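Next comes upload11.cif, with mmCIF, C-alpha atoms and all ligand atoms; chains and numbers go by the auth columns.
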data_upload
loop_
_atom_site.group_PDB
_atom_site.id
_atom_site.type_symbol
_atom_site.label_atom_id
_atom_site.label_comp_id
_atom_site.label_asym_id
_atom_site.label_seq_id
_atom_site.Cartn_x
_atom_site.Cartn_y
_atom_site.Cartn_z
_atom_site.B_iso_or_equiv
_atom_site.auth_seq_id
_atom_site.auth_asym_id
ATOM 1 C CA MET A 1 17.043 -15.062 6.417 0.00 1 A
ATOM 2 C CA SER A 2 18.489 -11.566 5.995 0.00 2 A
ATOM 3 C CA ALA A 3 19.931 -9.949 9.102 0.00 3 A
ATOM 4 C CA ILE A 4 17.721 -6.949 8.462 0.00 4 A
ATOM 5 C CA PRO A 5 14.290 -7.522 10.019 0.00 5 A
ATOM 6 C CA VAL A 6 11.116 -6.854 8.061 0.00 6 A
ATOM 7 C CA ILE A 7 7.520 -6.649 9.195 0.00 7 A
ATOM 8 C CA ALA A 8 5.185 -7.088 6.219 0.00 8 A
ATOM 9 C CA ILE A 9 1.678 -5.692 6.575 0.00 9 A
ATOM 10 C CA ASP A 10 -0.652 -6.540 3.705 0.00 10 A
ATOM 11 C CA GLY A 11 -4.367 -6.093 3.272 0.00 11 A
ATOM 12 C CA PRO A 12 -7.123 -4.390 1.318 0.00 12 A
ATOM 13 C CA SER A 13 -7.667 -0.622 1.102 0.00 13 A
ATOM 14 C CA GLY A 14 -9.040 0.906 4.251 0.00 14 A
ATOM 15 C CA SER A 15 -7.934 -1.934 6.523 0.00 15 A
ATOM 16 C CA GLY A 16 -5.786 0.620 8.354 0.00 16 A
ATOM 17 C CA LYS A 17 -2.510 -0.971 7.283 0.00 17 A
ATOM 18 C CA GLY A 18 -0.911 2.323 6.244 0.00 18 A
ATOM 19 C CA THR A 19 -1.571 4.006 9.577 0.00 19 A
ATOM 20 C CA VAL A 20 -0.599 0.893 11.522 0.00 20 A
ATOM 21 C CA ALA A 21 2.597 0.416 9.501 0.00 21 A
ATOM 22 C CA ALA A 22 3.653 4.044 10.040 0.00 22 A
ATOM 23 C CA GLU A 23 3.040 3.816 13.785 0.00 23 A
ATOM 24 C CA VAL A 24 4.807 0.462 14.174 0.00 24 A
ATOM 25 C CA ALA A 25 7.789 1.804 12.196 0.00 25 A
ATOM 26 C CA SER A 26 7.911 4.915 14.323 0.00 26 A
ATOM 27 C CA ARG A 27 7.743 2.968 17.617 0.00 27 A
ATOM 28 C CA LEU A 28 10.530 0.602 16.540 0.00 28 A
ATOM 29 C CA GLY A 29 12.611 3.294 14.805 0.00 29 A
ATOM 30 C CA PHE A 30 12.379 1.251 11.580 0.00 30 A
ATOM 31 C CA PHE A 31 12.208 2.474 7.988 0.00 31 A
ATOM 32 C CA LEU A 32 8.803 2.519 6.292 0.00 32 A
ATOM 33 C CA LEU A 33 7.860 1.382 2.807 0.00 33 A
ATOM 34 C CA ASP A 34 4.417 2.506 1.673 0.00 34 A
ATOM 35 C CA SER A 35 4.427 0.377 -1.484 0.00 35 A
ATOM 36 C CA GLY A 36 0.944 1.552 -2.488 0.00 36 A
ATOM 37 C CA ALA A 37 2.405 5.053 -2.878 0.00 37 A
ATOM 38 C CA LEU A 38 4.787 3.709 -5.537 0.00 38 A
ATOM 39 C CA TYR A 39 1.873 2.300 -7.536 0.00 39 A
ATOM 40 C CA ARG A 40 -0.085 5.504 -7.010 0.00 40 A
ATOM 41 C CA ILE A 41 2.865 7.623 -8.211 0.00 41 A
ATOM 42 C CA LEU A 42 3.344 5.406 -11.252 0.00 42 A
ATOM 43 C CA GLY A 43 -0.363 5.675 -12.116 0.00 43 A
ATOM 44 C CA ILE A 44 -0.356 9.455 -11.802 0.00 44 A
ATOM 45 C CA ALA A 45 2.912 9.781 -13.724 0.00 45 A
ATOM 46 C CA ALA A 46 1.562 7.629 -16.584 0.00 46 A
ATOM 47 C CA HIS A 47 -1.604 9.714 -16.631 0.00 47 A
ATOM 48 C CA LYS A 48 0.368 12.981 -16.763 0.00 48 A
ATOM 49 C CA ALA A 49 2.535 11.605 -19.575 0.00 49 A
ATOM 50 C CA ASN A 50 -0.587 10.536 -21.504 0.00 50 A
ATOM 51 C CA ILE A 51 0.593 6.938 -21.562 0.00 51 A
ATOM 52 C CA ASP A 52 -2.028 4.397 -22.558 0.00 52 A
ATOM 53 C CA LEU A 53 -2.209 1.867 -19.701 0.00 53 A
ATOM 54 C CA ASP A 54 -2.644 -0.908 -22.267 0.00 54 A
ATOM 55 C CA ASN A 55 0.896 -0.167 -23.406 0.00 55 A
ATOM 56 C CA HIS A 56 2.570 -2.261 -20.708 0.00 56 A
ATOM 57 C CA SER A 57 6.170 -1.807 -21.826 0.00 57 A
ATOM 58 C CA GLN A 58 5.807 1.970 -21.847 0.00 58 A
ATOM 59 C CA VAL A 59 4.362 1.908 -18.308 0.00 59 A
ATOM 60 C CA ALA A 60 7.218 -0.363 -17.168 0.00 60 A
ATOM 61 C CA ASP A 61 9.819 1.913 -18.782 0.00 61 A
ATOM 62 C CA LEU A 62 8.301 4.849 -16.965 0.00 62 A
ATOM 63 C CA ALA A 63 8.459 2.909 -13.669 0.00 63 A
ATOM 64 C CA LYS A 64 12.207 2.425 -14.127 0.00 64 A
ATOM 65 C CA THR A 65 12.942 6.095 -14.646 0.00 65 A
ATOM 66 C CA LEU A 66 10.676 7.733 -12.062 0.00 66 A
ATOM 67 C CA ASP A 67 12.449 10.047 -9.663 0.00 67 A
ATOM 68 C CA ILE A 68 10.601 9.405 -6.393 0.00 68 A
ATOM 69 C CA GLU A 69 11.438 10.870 -3.017 0.00 69 A
ATOM 70 C CA PHE A 70 9.672 10.182 0.266 0.00 70 A
ATOM 71 C CA GLY A 71 9.814 12.787 3.006 0.00 71 A
ATOM 72 C CA SER A 72 11.053 11.746 6.429 0.00 72 A
ATOM 73 C CA ALA A 73 7.428 11.635 7.606 0.00 73 A
ATOM 74 C CA GLY A 74 7.024 8.444 5.559 0.00 74 A
ATOM 75 C CA ARG A 75 3.388 8.667 4.559 0.00 75 A
ATOM 76 C CA GLY A 76 3.610 12.435 4.482 0.00 76 A
ATOM 77 C CA SER A 77 5.424 14.139 1.679 0.00 77 A
ATOM 78 C CA VAL A 78 5.946 12.407 -1.665 0.00 78 A
ATOM 79 C CA MET A 79 7.847 14.057 -4.501 0.00 79 A
ATOM 80 C CA LEU A 80 7.685 12.981 -8.126 0.00 80 A
ATOM 81 C CA ASN A 81 10.410 14.434 -10.364 0.00 81 A
ATOM 82 C CA GLY A 82 10.878 17.219 -7.832 0.00 82 A
ATOM 83 C CA ALA A 83 7.183 18.151 -7.549 0.00 83 A
ATOM 84 C CA GLU A 84 4.963 17.549 -4.518 0.00 84 A
ATOM 85 C CA VAL A 85 2.283 14.946 -5.350 0.00 85 A
ATOM 86 C CA SER A 86 1.257 13.783 -1.863 0.00 86 A
ATOM 87 C CA ARG A 87 -2.310 15.008 -2.188 0.00 87 A
ATOM 88 C CA GLU A 88 -2.778 14.083 -5.814 0.00 88 A
ATOM 89 C CA ILE A 89 -1.807 10.426 -5.353 0.00 89 A
ATOM 90 C CA ARG A 90 -4.424 10.019 -2.585 0.00 90 A
ATOM 91 C CA THR A 91 -7.363 11.079 -4.756 0.00 91 A
ATOM 92 C CA ASP A 92 -9.819 8.496 -6.115 0.00 92 A
ATOM 93 C CA LEU A 93 -8.205 8.919 -9.515 0.00 93 A
ATOM 94 C CA GLY A 94 -4.848 8.061 -7.916 0.00 94 A
ATOM 95 C CA SER A 95 -6.375 4.946 -6.303 0.00 95 A
ATOM 96 C CA ASP A 96 -7.952 3.817 -9.541 0.00 96 A
ATOM 97 C CA LEU A 97 -4.797 4.368 -11.616 0.00 97 A
ATOM 98 C CA ALA A 98 -2.685 2.579 -8.978 0.00 98 A
ATOM 99 C CA SER A 99 -4.799 -0.528 -9.109 0.00 99 A
ATOM 100 C CA LYS A 100 -4.676 -0.477 -12.921 0.00 100 A
ATOM 101 C CA VAL A 101 -0.873 -0.176 -13.153 0.00 101 A
ATOM 102 C CA GLY A 102 -0.622 -2.716 -10.317 0.00 102 A
ATOM 103 C CA ALA A 103 -2.200 -5.292 -12.616 0.00 103 A
ATOM 104 C CA ILE A 104 0.622 -4.895 -15.173 0.00 104 A
ATOM 105 C CA PRO A 105 3.281 -7.601 -14.579 0.00 105 A
ATOM 106 C CA ALA A 106 6.140 -5.613 -16.172 0.00 106 A
ATOM 107 C CA ALA A 107 5.304 -2.590 -14.000 0.00 107 A
ATOM 108 C CA ARG A 108 5.408 -4.749 -10.840 0.00 108 A
ATOM 109 C CA GLU A 109 8.747 -6.143 -11.904 0.00 109 A
ATOM 110 C CA ALA A 110 10.142 -2.656 -12.476 0.00 110 A
ATOM 111 C CA LEU A 111 9.069 -1.579 -8.979 0.00 111 A
ATOM 112 C CA TYR A 112 10.325 -4.765 -7.312 0.00 112 A
ATOM 113 C CA GLU A 113 14.043 -3.820 -7.030 0.00 113 A
ATOM 114 C CA ARG A 114 13.159 -0.345 -5.813 0.00 114 A
ATOM 115 C CA GLN A 115 11.182 -1.893 -2.962 0.00 115 A
ATOM 116 C CA LEU A 116 14.051 -4.172 -1.894 0.00 116 A
ATOM 117 C CA GLY A 117 16.182 -1.046 -1.526 0.00 117 A
ATOM 118 C CA PHE A 118 14.075 0.072 1.436 0.00 118 A
ATOM 119 C CA ARG A 119 15.354 -2.839 3.534 0.00 119 A
ATOM 120 C CA LYS A 120 17.966 -1.136 5.686 0.00 120 A
ATOM 121 C CA LEU A 121 19.112 -1.467 9.276 0.00 121 A
ATOM 122 C CA PRO A 122 17.720 -1.306 11.889 0.00 122 A
ATOM 123 C CA GLY A 123 14.699 -2.723 10.021 0.00 123 A
ATOM 124 C CA LEU A 124 11.718 -2.116 7.783 0.00 124 A
ATOM 125 C CA VAL A 125 7.966 -2.068 8.062 0.00 125 A
ATOM 126 C CA ALA A 126 6.479 -2.557 4.586 0.00 126 A
ATOM 127 C CA ASP A 127 2.800 -2.208 3.765 0.00 127 A
ATOM 128 C CA GLY A 128 0.968 -3.188 0.594 0.00 128 A
ATOM 129 C CA ARG A 129 -0.648 -6.173 -1.070 0.00 129 A
ATOM 130 C CA ASP A 130 2.261 -8.525 -1.751 0.00 130 A
ATOM 131 C CA MET A 131 4.893 -7.598 0.829 0.00 131 A
ATOM 132 C CA GLY A 132 4.716 -10.972 2.597 0.00 132 A
ATOM 133 C CA THR A 133 4.011 -13.086 -0.482 0.00 133 A
ATOM 134 C CA VAL A 134 6.354 -11.667 -3.150 0.00 134 A
ATOM 135 C CA VAL A 135 8.625 -8.790 -2.156 0.00 135 A
ATOM 136 C CA PHE A 136 9.755 -9.902 1.321 0.00 136 A
ATOM 137 C CA PRO A 137 8.843 -13.601 1.508 0.00 137 A
ATOM 138 C CA ASP A 138 11.423 -14.021 4.312 0.00 138 A
ATOM 139 C CA ALA A 139 9.842 -11.275 6.483 0.00 139 A
ATOM 140 C CA ASN A 140 10.166 -11.954 10.219 0.00 140 A
ATOM 141 C CA LEU A 141 6.498 -11.186 10.737 0.00 141 A
ATOM 142 C CA LYS A 142 3.681 -11.148 8.188 0.00 142 A
ATOM 143 C CA ILE A 143 0.392 -9.543 9.045 0.00 143 A
ATOM 144 C CA PHE A 144 -2.705 -9.648 6.861 0.00 144 A
ATOM 145 C CA LEU A 145 -4.927 -6.842 8.071 0.00 145 A
ATOM 146 C CA THR A 146 -8.584 -6.918 7.076 0.00 146 A
ATOM 147 C CA ALA A 147 -11.847 -5.179 8.000 0.00 147 A
ATOM 148 C CA SER A 148 -15.380 -5.484 6.660 0.00 148 A
ATOM 149 C CA VAL A 149 -15.942 -3.660 3.375 0.00 149 A
ATOM 150 C CA SER A 150 -18.588 -1.343 4.875 0.00 150 A
ATOM 151 C CA GLU A 151 -16.235 -0.384 7.725 0.00 151 A
ATOM 152 C CA ARG A 152 -13.456 0.311 5.223 0.00 152 A
ATOM 153 C CA ALA A 153 -15.745 2.498 3.092 0.00 153 A
ATOM 154 C CA GLN A 154 -16.809 4.424 6.220 0.00 154 A
ATOM 155 C CA ARG A 155 -13.162 5.024 7.162 0.00 155 A
ATOM 156 C CA ARG A 156 -12.303 6.271 3.682 0.00 156 A
ATOM 157 C CA TYR A 157 -15.350 8.544 3.737 0.00 157 A
ATOM 158 C CA LYS A 158 -14.320 10.059 7.047 0.00 158 A
ATOM 159 C CA GLN A 159 -10.730 10.466 5.856 0.00 159 A
ATOM 160 C CA LEU A 160 -11.838 12.393 2.759 0.00 160 A
ATOM 161 C CA ILE A 161 -14.365 14.586 4.585 0.00 161 A
ATOM 162 C CA ASP A 162 -11.747 15.412 7.232 0.00 162 A
ATOM 163 C CA LYS A 163 -9.431 16.538 4.431 0.00 163 A
ATOM 164 C CA GLY A 164 -12.189 18.755 2.998 0.00 164 A
ATOM 165 C CA ILE A 165 -12.631 16.488 -0.054 0.00 165 A
ATOM 166 C CA ASP A 166 -16.232 15.793 -1.181 0.00 166 A
ATOM 167 C CA ALA A 167 -17.265 12.157 -1.005 0.00 167 A
ATOM 168 C CA ILE A 168 -20.362 9.997 -1.540 0.00 168 A
ATOM 169 C CA LEU A 169 -20.457 6.875 0.626 0.00 169 A
ATOM 170 C CA PRO A 170 -22.283 4.505 -1.797 0.00 170 A
ATOM 171 C CA ASP A 171 -19.824 5.498 -4.558 0.00 171 A
ATOM 172 C CA LEU A 172 -16.874 4.805 -2.251 0.00 172 A
ATOM 173 C CA LEU A 173 -18.331 1.407 -1.359 0.00 173 A
ATOM 174 C CA ARG A 174 -18.795 0.526 -5.022 0.00 174 A
ATOM 175 C CA ASP A 175 -15.250 1.659 -5.949 0.00 175 A
ATOM 176 C CA LEU A 176 -13.751 -0.219 -3.001 0.00 176 A
ATOM 177 C CA LYS A 177 -15.478 -3.453 -4.006 0.00 177 A
ATOM 178 C CA GLU A 178 -14.282 -2.996 -7.578 0.00 178 A
ATOM 179 C CA ARG A 179 -10.712 -2.381 -6.434 0.00 179 A
ATOM 180 C CA ASP A 180 -10.840 -5.376 -4.068 0.00 180 A
ATOM 181 C CA ARG A 181 -11.995 -7.508 -6.959 0.00 181 A
ATOM 182 C CA ARG A 182 -9.290 -6.223 -9.311 0.00 182 A
ATOM 183 C CA ASP A 183 -6.550 -6.618 -6.654 0.00 183 A
ATOM 184 C CA SER A 184 -7.670 -10.128 -5.641 0.00 184 A
ATOM 185 C CA GLU A 185 -8.375 -11.572 -9.060 0.00 185 A
ATOM 186 C CA ARG A 186 -5.314 -10.362 -10.964 0.00 186 A
ATOM 187 C CA PRO A 187 -2.968 -13.167 -11.969 0.00 187 A
ATOM 188 C CA VAL A 188 0.223 -11.414 -10.763 0.00 188 A
ATOM 189 C CA SER A 189 0.738 -10.797 -7.040 0.00 189 A
ATOM 190 C CA PRO A 190 -2.948 -10.975 -6.143 0.00 190 A
ATOM 191 C CA LEU A 191 -4.060 -9.702 -2.772 0.00 191 A
ATOM 192 C CA LYS A 192 -4.014 -12.787 -0.564 0.00 192 A
ATOM 193 C CA PRO A 193 -2.541 -13.664 2.806 0.00 193 A
ATOM 194 C CA ALA A 194 0.835 -15.424 2.810 0.00 194 A
ATOM 195 C CA ALA A 195 0.547 -19.005 4.084 0.00 195 A
ATOM 196 C CA ASP A 196 2.438 -17.974 7.238 0.00 196 A
ATOM 197 C CA ALA A 197 0.654 -14.621 7.786 0.00 197 A
ATOM 198 C CA VAL A 198 -1.190 -13.728 10.969 0.00 198 A
ATOM 199 C CA ILE A 199 -4.675 -12.553 9.980 0.00 199 A
ATOM 200 C CA LEU A 200 -5.955 -9.604 11.998 0.00 200 A
ATOM 201 C CA ASP A 201 -9.478 -8.237 11.574 0.00 201 A
ATOM 202 C CA SER A 202 -9.467 -4.548 12.492 0.00 202 A
ATOM 203 C CA THR A 203 -13.238 -3.959 12.110 0.00 203 A
ATOM 204 C CA ASP A 204 -13.794 -3.602 15.855 0.00 204 A
ATOM 205 C CA LEU A 205 -10.282 -2.611 16.899 0.00 205 A
ATOM 206 C CA THR A 206 -8.723 0.822 17.356 0.00 206 A
ATOM 207 C CA ILE A 207 -5.476 1.673 15.577 0.00 207 A
ATOM 208 C CA ASP A 208 -3.683 1.504 18.918 0.00 208 A
ATOM 209 C CA GLU A 209 -5.004 -1.975 19.613 0.00 209 A
ATOM 210 C CA VAL A 210 -3.813 -3.215 16.228 0.00 210 A
ATOM 211 C CA VAL A 211 -0.408 -1.531 16.663 0.00 211 A
ATOM 212 C CA ASN A 212 0.061 -3.185 20.056 0.00 212 A
ATOM 213 C CA LYS A 213 -0.905 -6.586 18.678 0.00 213 A
ATOM 214 C CA VAL A 214 1.661 -6.223 15.884 0.00 214 A
ATOM 215 C CA LEU A 215 4.384 -5.057 18.300 0.00 215 A
ATOM 216 C CA ASN A 216 3.649 -7.976 20.646 0.00 216 A
ATOM 217 C CA LEU A 217 3.750 -10.471 17.790 0.00 217 A
ATOM 218 C CA PHE A 218 7.049 -9.017 16.591 0.00 218 A
ATOM 219 C CA ALA A 219 8.540 -9.116 20.095 0.00 219 A
ATOM 220 C CA ALA A 220 7.450 -12.763 20.393 0.00 220 A
ATOM 221 C CA GLN A 221 9.115 -13.600 17.050 0.00 221 A
ATOM 222 C CA THR A 222 12.405 -11.942 17.843 0.00 222 A
ATOM 223 C CA GLY A 223 12.288 -12.490 21.609 0.00 223 A
HETATM 224 O O1 LIG B . -2.216 0.645 -0.428 0.00 301 A
HETATM 225 P P1 LIG B . -2.874 1.603 -1.388 0.00 301 A
HETATM 226 O O2 LIG B . -4.368 1.688 -1.235 0.00 301 A
HETATM 227 O O3 LIG B . -2.224 2.939 -1.407 0.00 301 A
HETATM 228 O O4 LIG B . -2.597 0.961 -2.823 0.00 301 A
HETATM 229 C C1 LIG B . -3.168 1.488 -4.001 0.00 301 A
HETATM 230 C C2 LIG B . -3.258 0.411 -5.060 0.00 301 A
HETATM 231 O O5 LIG B . -1.934 0.035 -5.470 0.00 301 A
HETATM 232 C C3 LIG B . -3.919 -0.888 -4.626 0.00 301 A
HETATM 233 O O6 LIG B . -5.316 -0.884 -4.844 0.00 301 A
HETATM 234 C C4 LIG B . -3.221 -1.941 -5.465 0.00 301 A
HETATM 235 O O7 LIG B . -3.875 -2.132 -6.696 0.00 301 A
HETATM 236 C C5 LIG B . -1.868 -1.349 -5.759 0.00 301 A
HETATM 237 N N1 LIG B . -0.830 -1.975 -4.940 0.00 301 A
HETATM 238 C C6 LIG B . -0.295 -3.155 -5.378 0.00 301 A
HETATM 239 N N2 LIG B . 0.714 -3.756 -4.668 0.00 301 A
HETATM 240 C C7 LIG B . 1.170 -3.202 -3.542 0.00 301 A
HETATM 241 C C8 LIG B . 0.620 -1.994 -3.062 0.00 301 A
HETATM 242 C C9 LIG B . -0.402 -1.411 -3.785 0.00 301 A
HETATM 243 O O8 LIG B . -0.701 -3.678 -6.396 0.00 301 A
HETATM 244 N N3 LIG B . 2.169 -3.793 -2.900 0.00 301 A
#

Would you put the structure from the file into structure tokens?
Amino acid sequence: MSAIPVIAIDGPSGSGKGTVAAEVASRLGFFLLDSGALYRILGIAAHKANIDLDNHSQVADLAKTLDIEFGSAGRGSVMLNGAEVSREIRTDLGSDLASKVGAIPAAREALYERQLGFRKLPGLVADGRDMGTVVFPDANLKIFLTASVSERAQRRYKQLIDKGIDAILPDLLRDLKERDRRDSERPVSPLKPAADAVILDSTDLTIDEVVNKVLNLFAAQTG
């Protein structure tokens, strides 16, 4: 096992893994990898470059050359080739494109090395779909965070409305189910818990409760 600790937090959209990962990283003073942002950026970049997503090698080539910069706030500012794209990658189009490029094996391979580069001392909290299964299989702690699909749709709805973005709940629910299906059924790196993951259902838990559970589990592992 590497001397650099990793906490892998995987799960479906809206499970709260992004917020939990950011908070756990901040409490431990660890680096943060929001791997979904990489897929979102790649999707948006391919869209801007008018690349046909069926052209897998072109998408993979693009993934290798992207100039991506995360602000110190982790899930805050994201720059693509020097331009701010934080808001754009969080739109429904960004979500849809991310899950489409995420199903391309060559694109996943191109992003793999980039993700390993985030593993730096004193440690890393990585959130996504395949952090515990593929990218950091030797993670010290693997969490699979879930919540019911209706709860996840509600959370996404609230998030969008709070940001002043129009949203229709039944549409969000439909899109979420479609994305869950695409993420779970794809042959490469499907969304599934690692054999040694701790499964946490956040449906009836607050963010703070989940964060504390993760911190306690990590302390028990390293203790
Ligand atoms: O986590 P987030 O919702 O930002 O991820 C957006 C999409 O990116 C997911 O629906 C998934 O298809 C893809 N993704 C992935 N592997 C990861 C992280 C995200 O395929 N490790």

Given the PyMOL selection byres (((chain A and resi 10-16) around 9) and not hetatm) and the file above, list the residues it selects as a CSV table (one decimal) with C-alpha atoms, keeping the file's coordinate frame.
chain,number,residue,atom,x,y,z
A,8,ALA,CA,5.2,-7.1,6.2
A,9,ILE,CA,1.7,-5.7,6.6
A,17,LYS,CA,-2.5,-1.0,7.3
A,18,GLY,CA,-0.9,2.3,6.2
A,19,THR,CA,-1.6,4.0,9.6
A,20,VAL,CA,-0.6,0.9,11.5
A,21,ALA,CA,2.6,0.4,9.5
A,126,ALA,CA,6.5,-2.6,4.6
A,127,ASP,CA,2.8,-2.2,3.8
A,128,GLY,CA,1.0,-3.2,0.6
A,129,ARG,CA,-0.6,-6.2,-1.1
A,130,ASP,CA,2.3,-8.5,-1.8
A,131,MET,CA,4.9,-7.6,0.8
A,132,GLY,CA,4.7,-11.0,2.6
A,142,LYS,CA,3.7,-11.1,8.2
A,143,ILE,CA,0.4,-9.5,9.0
A,144,PHE,CA,-2.7,-9.6,6.9
A,145,LEU,CA,-4.9,-6.8,8.1
A,146,THR,CA,-8.6,-6.9,7.1
A,147,ALA,CA,-11.8,-5.2,8.0
A,148,SER,CA,-15.4,-5.5,6.7
A,149,VAL,CA,-15.9,-3.7,3.4
A,151,GLU,CA,-16.2,-0.4,7.7
A,152,ARG,CA,-13.5,0.3,5.2
A,153,ALA,CA,-15.7,2.5,3.1
A,154,GLN,CA,-16.8,4.4,6.2
A,155,ARG,CA,-13.2,5.0,7.2
A,156,ARG,CA,-12.3,6.3,3.7
A,176,LEU,CA,-13.8,-0.2,-3.0
A,179,ARG,CA,-10.7,-2.4,-6.4
A,180,ASP,CA,-10.8,-5.4,-4.1
A,183,ASP,CA,-6.6,-6.6,-6.7
A,191,LEU,CA,-4.1,-9.7,-2.8
A,192,LYS,CA,-4.0,-12.8,-0.6
A,193,PRO,CA,-2.5,-13.7,2.8
A,201,ASP,CA,-9.5,-8.2,11.6
A,202,SER,CA,-9.5,-4.5,12.5
A,203,THR,CA,-13.2,-4.0,12.1
A,207,ILE,CA,-5.5,1.7,15.6
A,210,VAL,CA,-3.8,-3.2,16.2

Of the candidates A:Glu185, A:Asp196, A:Asp96, A:Glu88, which shows the shortest atom-to-atom distance to Ile165 of chain A, using only C-alpha atoms?
A:Glu88

Could you name the residues that touch Leu97 of chain A at 10 Å or less, counting all atoms listed in the file, but leaving out those on the same chain fewer than 6 positions away, as a list in words?
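Here the answer would be Tyr39, Arg40, Ile41, Leu42, Gly43, Ile44, Ala45, Ala46, His47, Leu53, Ile89 and Thr91 of chain A.
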
If I put a ball of radius 9 Å at (10.7, 3.9, 11.0) in the file's coordinates, which residues poke into it when counting all atoms listed in the file, written as a PDB file with C-alpha atoms, in the coordinates of the input?
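This is the output file out.pdb:
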ATOM      1  CA  ALA A  21       2.597   0.416   9.501  1.00  0.00           C
ATOM      2  CA  ALA A  22       3.653   4.044  10.040  1.00  0.00           C
ATOM      3  CA  GLU A  23       3.040   3.816  13.785  1.00  0.00           C
ATOM      4  CA  VAL A  24       4.807   0.462  14.174  1.00  0.00           C
ATOM      5  CA  ALA A  25       7.789   1.804  12.196  1.00  0.00           C
ATOM      6  CA  SER A  26       7.911   4.915  14.323  1.00  0.00           C
ATOM      7  CA  ARG A  27       7.743   2.968  17.617  1.00  0.00           C
ATOM      8  CA  LEU A  28      10.530   0.602  16.540  1.00  0.00           C
ATOM      9  CA  GLY A  29      12.611   3.294  14.805  1.00  0.00           C
ATOM     10  CA  PHE A  30      12.379   1.251  11.580  1.00  0.00           C
ATOM     11  CA  PHE A  31      12.208   2.474   7.988  1.00  0.00           C
ATOM     12  CA  LEU A  32       8.803   2.519   6.292  1.00  0.00           C
ATOM     13  CA  GLY A  74       7.024   8.444   5.559  1.00  0.00           C
ATOM     14  CA  PRO A 122      17.720  -1.306  11.889  1.00  0.00           C
ATOM     15  CA  GLY A 123      14.699  -2.723  10.021  1.00  0.00           C
ATOM     16  CA  LEU A 124      11.718  -2.116   7.783  1.00  0.00           C
ATOM     17  CA  VAL A 125       7.966  -2.068   8.062  1.00  0.00           C
TER      18      VAL A 125
END

Please give the centre and size of the box around ligand LIG 301 (chain A) (axis-aligned, containing every atom listed in the file, 3 Å added per side), with values in Å to one decimal and written as lines of an AutoDock Vina configuration file.
center_x = -1.6
center_y = -0.4
center_z = -3.6
size_x = 13.5
size_y = 12.7
size_z = 12.3

The PyMOL selection byres (((chain A and resi 103-109) around 8) and not hetatm) resolved against shown file, as an MDAnalysis selection string:
chainID A and resid 56:57 59:61 63 99:102 110:113 182:183 186:188

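Computed from the coordinates, the atom O1 of ligand LIG 301 (chain A) to atom CA of Gly71 of chain A distance equals 17.4 Å.
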